[in-house]
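> I'd like to ask you about the structure that follows.
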Amino acid sequence: MPAIATSASNPVFPFHLVRADLERVEAAILEQARAFDPGVEGYVSYVCKTSGKRIRPALAVLSGGATGGTHEGHTRLSVILELVHIASLVHDDIMDGADIRRGMPTAVAKWGSSLSVLLGDSLFAYALELATEFDDTHVCRTIAKASRDVCSGEILQTQRRFDLNLSVTDYLKMIEMKTAALFAAASELGARLNNQPEPTQRSLRDYGLKLGTAYQIYDDCLDLVGDEKTVGKTLRTDLARGKLTLPILYLLESATEAQKQKLSRMLLKGEPMDTSILAGIADYDGAVERAVKFAQDMLVSARADLVVLPATPHKQALEDIVGYLHGLLDQCRAIH
């Protein structure tokens, strides 16, 4: 699978095929701020402008385009899923103490945690209100469940911070919930809105789940090896906050008991650790390599899930996203 030349620190996904759709989604997202009280509207507008690459909307419209075409329902679905995602980012930044997102101050950095918590809550609630407008109750239930999974995944990750006994299986469960659930909902429901048979919906859901899991592993690797100035968000927060990601779990697997104790003491201090420190603990290079390979193997499986779709430009675009992320992971391996 060929890597696409790009900067691993500033990925711009290949969404050119659905650019017009995404422009409509973007306008609709910004329009949602007007649904709030005028005293709240400015806060909502700010976080909607400073959050995300619109990956979930792109998956929804690409899935729709690959299964018969897009319509107003796909735009509405995209807006809802992105609002859920934005709400989760607002809460993430509070818990991580992040100051920067996409080169701009985070909500918590601008307004403090109390207001930001309520802002995130308001966005979650509004997204679920919009979801009730679909006639198909399965769509509404799927969005609600994905929203619940996002929050539950964050609870589990918070619960297991600083836990050096966290297993790879438990880690994967958490990131499937906190990140991949919305990818899966976007891909599945994009097809459902076109009345596709359930096997097709399931295959696209599986595609989204694997893509989202691989994307989170990429993001976790980037937190270790990326450059904060070019990434445009606060990095090196995972370890400082006790979040054990896949490369760190692999690092622990290769560490001696004495090295694990050393890492444990360093984690409890809550201080950011650069790669030179980690490299002195155990097989850091091998740990990053294993994490990258795991994610790339998952992407190969995700691409296979698309076999249910007819050959169309939209299917090719879904495959291109897989290839693109595969290439970003290659670059993560190269820059560490």
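Labeling convention for the structure tokens: chains A, B, ... as they appear, residues from 1 per chain, ligands from 1 in order of appearance.
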What's the 12 Å shell around Arg19 in chain A, counting only C-alpha atoms, without same-chain residues fewer than 4 positions away, as a list in words?

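Listing them by chain and then by number gives Phe13, Pro14, Phe15, Glu23, Arg24, Val25, Glu26, Arg54, Ile55, Pro57, Ala58, Val61, Leu62 and Ala317 of chain A.
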
> If we count only C-alpha atoms, what is near Gly39 in chain A at a cut-off of 12 Å, once residues fewer than 6 positions away on the same chain are taken out, given as number ranges by chain?

A: 33, 45, 119

> Any chance you could export the current selection's C-alpha atoms as a PDB file, in the first residue's frame?


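Contents of the output file result.pdb:
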ATOM      1  CA  ALA A  33     -24.434  28.271  16.851  1.00  0.00           C
ATOM      2  CA  SER A  45     -19.142  29.386  17.239  1.00  0.00           C
ATOM      3  CA  LEU A 119     -20.248  24.106  26.809  1.00  0.00           C
TER       4      LEU A 119
END

> Could you write out, as JSON, numbers by chain, all the residues of range 38-186 of chain A that DSSP marks as strand (DSSP E)?

{"A": [100, 101, 104, 105]}

> Within 8 Å of Leu325 in chain A, counting only C-alpha atoms, which residues qualify if same-chain residues fewer than 4 places away don't, as a list in words?

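That gives Tyr215, Ile321 and Leu329 of chain A.
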
> Could you pull the residues within 12 Å of Leu30 in chain A, counting only C-alpha atoms, minus those fewer than 3 positions along the same chain, as a list in words?

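Within the cut-off, the hits are Glu23, Arg24, Val25, Glu26, Ala27, Ala33, Arg34, Ala35, Phe36, Glu41, Gly42, Tyr43, Val44, Ser45, Tyr46, Val47, Cys48, Lys49, Thr50, Ser51, Val79, Glu82 and Leu83 of chain A.
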
> Those residues with C-alpha atoms, as a JSON list (two decimals), in the first residue's frame please?


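Done, and the output landed in again-v5.json:
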[["chain", "number", "residue", "atom", "x", "y", "z"],
["A", 23, "GLU", "CA", -18.49, 22.91, 2.40],
["A", 24, "ARG", "CA", -22.24, 22.48, 2.91],
["A", 25, "VAL", "CA", -21.58, 20.60, 6.14],
["A", 26, "GLU", "CA", -19.16, 23.29, 7.33],
["A", 27, "ALA", "CA", -21.72, 26.03, 6.70],
["A", 33, "ALA", "CA", -24.43, 28.27, 16.85],
["A", 34, "ARG", "CA", -27.49, 30.43, 16.13],
["A", 35, "ALA", "CA", -29.73, 27.80, 17.73],
["A", 36, "PHE", "CA", -28.25, 28.68, 21.12],
["A", 41, "GLU", "CA", -23.67, 31.55, 20.67],
["A", 42, "GLY", "CA", -20.15, 33.03, 20.64],
["A", 43, "TYR", "CA", -18.69, 30.13, 22.63],
["A", 44, "VAL", "CA", -20.27, 27.55, 20.35],
["A", 45, "SER", "CA", -19.14, 29.39, 17.24],
["A", 46, "TYR", "CA", -15.56, 29.53, 18.51],
["A", 47, "VAL", "CA", -15.17, 25.82, 19.25],
["A", 48, "CYS", "CA", -16.87, 24.87, 15.99],
["A", 49, "LYS", "CA", -14.25, 26.86, 14.09],
["A", 50, "THR", "CA", -11.23, 25.47, 15.92],
["A", 51, "SER", "CA", -11.87, 21.74, 16.08],
["A", 79, "VAL", "CA", -23.40, 17.89, 11.42],
["A", 82, "GLU", "CA", -19.27, 16.48, 14.25],
["A", 83, "LEU", "CA", -21.06, 18.26, 17.09]]

> How many Å separate CA of Leu224 in chain A from CA of Leu239 in chain A?

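Result for CA of Leu224 in chain A versus CA of Leu239 in chain A: 8.9 Å, one decimal.
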
> Quick one: distance from CA of Arg241 in chain A to CA of Ser88 in chain A in Å, one decimal?

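Straight-line distance from CA of Arg241 in chain A to CA of Ser88 in chain A works out to 17.2 Å.
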
> Set the distance at 9 Å and use only C-alpha atoms: which residues neighbour range 245-251 of chain A once local chain neighbours fewer than 5 positions away are removed? I'd like the list as a compact mmCIF listing (two decimals) with C-alpha atoms, in the first residue's frame.


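Written out: around_15.txt:
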# COMPACT_ATOMS: atom_id res chain seq x y z
CA LEU A 164 0.81 -0.12 34.49
CA LEU A 166 -3.46 -2.02 31.62
CA SER A 167 -3.61 -4.64 28.86
CA VAL A 168 -3.47 -4.04 25.13
CA TYR A 171 -6.58 -0.18 25.62
CA LEU A 172 -8.11 -1.19 22.29
CA ILE A 217 -3.06 4.77 17.38
CA ASP A 220 -1.06 8.36 20.14
CA CYS A 221 2.23 7.82 18.31
CA LEU A 224 5.25 10.98 21.35
CA ASP A 238 -0.55 11.52 27.40
CA LEU A 239 2.22 10.29 29.67
CA LEU A 278 11.91 6.79 27.12
CA ILE A 281 14.06 2.70 29.71
CA ALA A 282 13.61 -0.19 27.28
CA ASP A 283 13.11 -0.95 23.58
CA TYR A 284 11.47 2.37 22.66
CA ASP A 285 12.24 2.05 18.94
CA GLY A 286 10.72 -1.41 18.83
CA ALA A 287 7.64 -0.26 20.73
CA VAL A 288 6.82 2.50 18.24
CA GLU A 289 7.48 0.12 15.35
CA ARG A 290 5.09 -2.48 16.81
CA ALA A 291 2.34 0.10 17.35
CA VAL A 292 2.68 1.37 13.79

> Rounded to one decimal place, report the CA of Thr142 in chain A-CA of Thr158 in chain A distance in Å.

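Taking CA of Thr142 in chain A as the start and CA of Thr158 in chain A as the end point, the length is 24.2 Å.
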
> Please run DSSP on the backbone and report, as JSON, numbers by chain, all residues within range 88-331 of chain A that come out as helix (DSSP H, G or I).

{"A": [88, 89, 90, 91, 92, 93, 94, 95, 96, 107, 108, 109, 110, 111, 113, 114, 115, 116, 117, 118, 119, 120, 121, 122, 123, 124, 125, 126, 127, 128, 129, 130, 131, 137, 138, 139, 140, 141, 142, 143, 144, 145, 146, 147, 148, 149, 150, 151, 152, 153, 154, 155, 156, 157, 158, 159, 168, 169, 170, 171, 172, 173, 174, 175, 176, 177, 178, 179, 180, 181, 182, 183, 184, 185, 186, 187, 188, 189, 190, 191, 192, 198, 199, 200, 201, 202, 203, 204, 205, 206, 207, 208, 209, 210, 211, 212, 213, 214, 215, 216, 217, 218, 219, 220, 221, 222, 223, 224, 225, 228, 229, 230, 231, 237, 238, 239, 240, 246, 247, 248, 249, 250, 251, 252, 253, 254, 257, 258, 259, 260, 261, 262, 263, 264, 265, 266, 267, 268, 269, 275, 276, 277, 278, 279, 284, 285, 286, 287, 288, 289, 290, 291, 292, 293, 294, 295, 296, 297, 298, 299, 300, 301, 302, 303, 304, 305, 306, 307, 308, 313, 314, 315, 316, 317, 318, 319, 320, 321, 322, 323, 324, 325, 326, 327, 328, 329, 330, 331]}

> Counting only C-alpha atoms, give me one row per residue of range 142-222 of chain A with an atom at most 10 Å from an atom of range 298-304 of chain A, showing the shortest contact pair and its distance in Å to one decimal, sorted by chain then residue number, as CSV.


residue,atom,partner,partner_atom,distance
A:Ser203,CA,A:Ala302,CA,9.0
A:Leu204,CA,A:Ala302,CA,8.8
A:Arg205,CA,A:Ala302,CA,9.7
A:Asp206,CA,A:Ala302,CA,7.0
A:Tyr207,CA,A:Ala302,CA,4.6
A:Gly208,CA,A:Ala302,CA,7.5
A:Leu209,CA,A:Ala302,CA,8.2
A:Lys210,CA,A:Ala302,CA,5.6
A:Leu211,CA,A:Leu299,CA,6.2
A:Gly212,CA,A:Leu299,CA,9.5
A:Thr213,CA,A:Met298,CA,8.1
A:Ala214,CA,A:Met298,CA,6.5
A:Tyr215,CA,A:Leu299,CA,9.3

> For the residues selected in the previous step, produce a file with C-alpha atoms as a short mmCIF file (atom, residue, chain, number, x, y, z; two decimals), in the first residue's frame.


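Result saved to result10.cif:
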data_model
loop_
_atom_site.label_atom_id
_atom_site.label_comp_id
_atom_site.auth_asym_id
_atom_site.auth_seq_id
_atom_site.Cartn_x
_atom_site.Cartn_y
_atom_site.Cartn_z
CA SER A 203 -19.22 -4.01 6.52
CA LEU A 204 -19.03 -0.22 6.40
CA ARG A 205 -19.38 -0.08 10.17
CA ASP A 206 -16.45 -2.49 10.49
CA TYR A 207 -14.46 -0.34 8.07
CA GLY A 208 -15.10 2.75 10.16
CA LEU A 209 -14.31 0.99 13.43
CA LYS A 210 -10.94 -0.22 12.16
CA LEU A 211 -10.11 3.11 10.50
CA GLY A 212 -10.94 4.99 13.69
CA THR A 213 -8.88 2.63 15.84
CA ALA A 214 -5.88 2.97 13.52
CA TYR A 215 -6.31 6.75 13.50
#

> Determine, counting only C-alpha atoms, which protein, DNA and RNA residues have an atom within 7 Å of an atom of Gly190 in chain A; residues of the same chain fewer than 5 positions away are not included. Present the result as a CSV table (one decimal) with C-alpha atoms, in the first residue's frame.


chain,number,residue,atom,x,y,z
A,60,ALA,CA,-20.6,9.9,6.2
A,61,VAL,CA,-20.8,11.5,2.8
A,63,SER,CA,-20.3,6.2,2.5
A,64,GLY,CA,-23.5,7.7,1.1
A,74,HIS,CA,-26.2,13.0,5.0

> Counting only C-alpha atoms, which of A:Asp163, A:Leu77, A:Ala127, A:Glu154 gets nearest to Asp93 in chain A?

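Comparing A:Asp163, A:Leu77, A:Ala127, A:Glu154 against Asp93 in chain A, the winner is A:Glu154.
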
> Near Gly153 in chain A, within 10 Å and counting only C-alpha atoms, which residues show up once chain neighbours fewer than 5 positions away are dropped, as a PyMOL selection string?

chain A and resi 147-148+158-159+171+173-179+181

> Residues as selected, C-alpha atoms, written as a compact mmCIF listing (two decimals), in the first residue's frame, can you do that?


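Final output, saved to out23.txt:
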# COMPACT_ATOMS: atom_id res chain seq x y z
CA SER A 147 -22.19 9.33 21.94
CA ARG A 148 -22.47 7.18 25.04
CA THR A 158 -9.50 8.21 33.08
CA GLN A 159 -10.14 5.30 35.43
CA TYR A 171 -6.58 -0.18 25.62
CA LYS A 173 -11.55 -1.40 23.86
CA MET A 174 -11.18 2.14 25.20
CA ILE A 175 -10.08 3.69 21.91
CA GLU A 176 -12.76 1.82 19.97
CA MET A 177 -15.27 3.54 22.22
CA LYS A 178 -13.73 7.01 22.53
CA THR A 179 -12.63 7.47 18.90
CA ALA A 181 -17.37 4.66 17.59
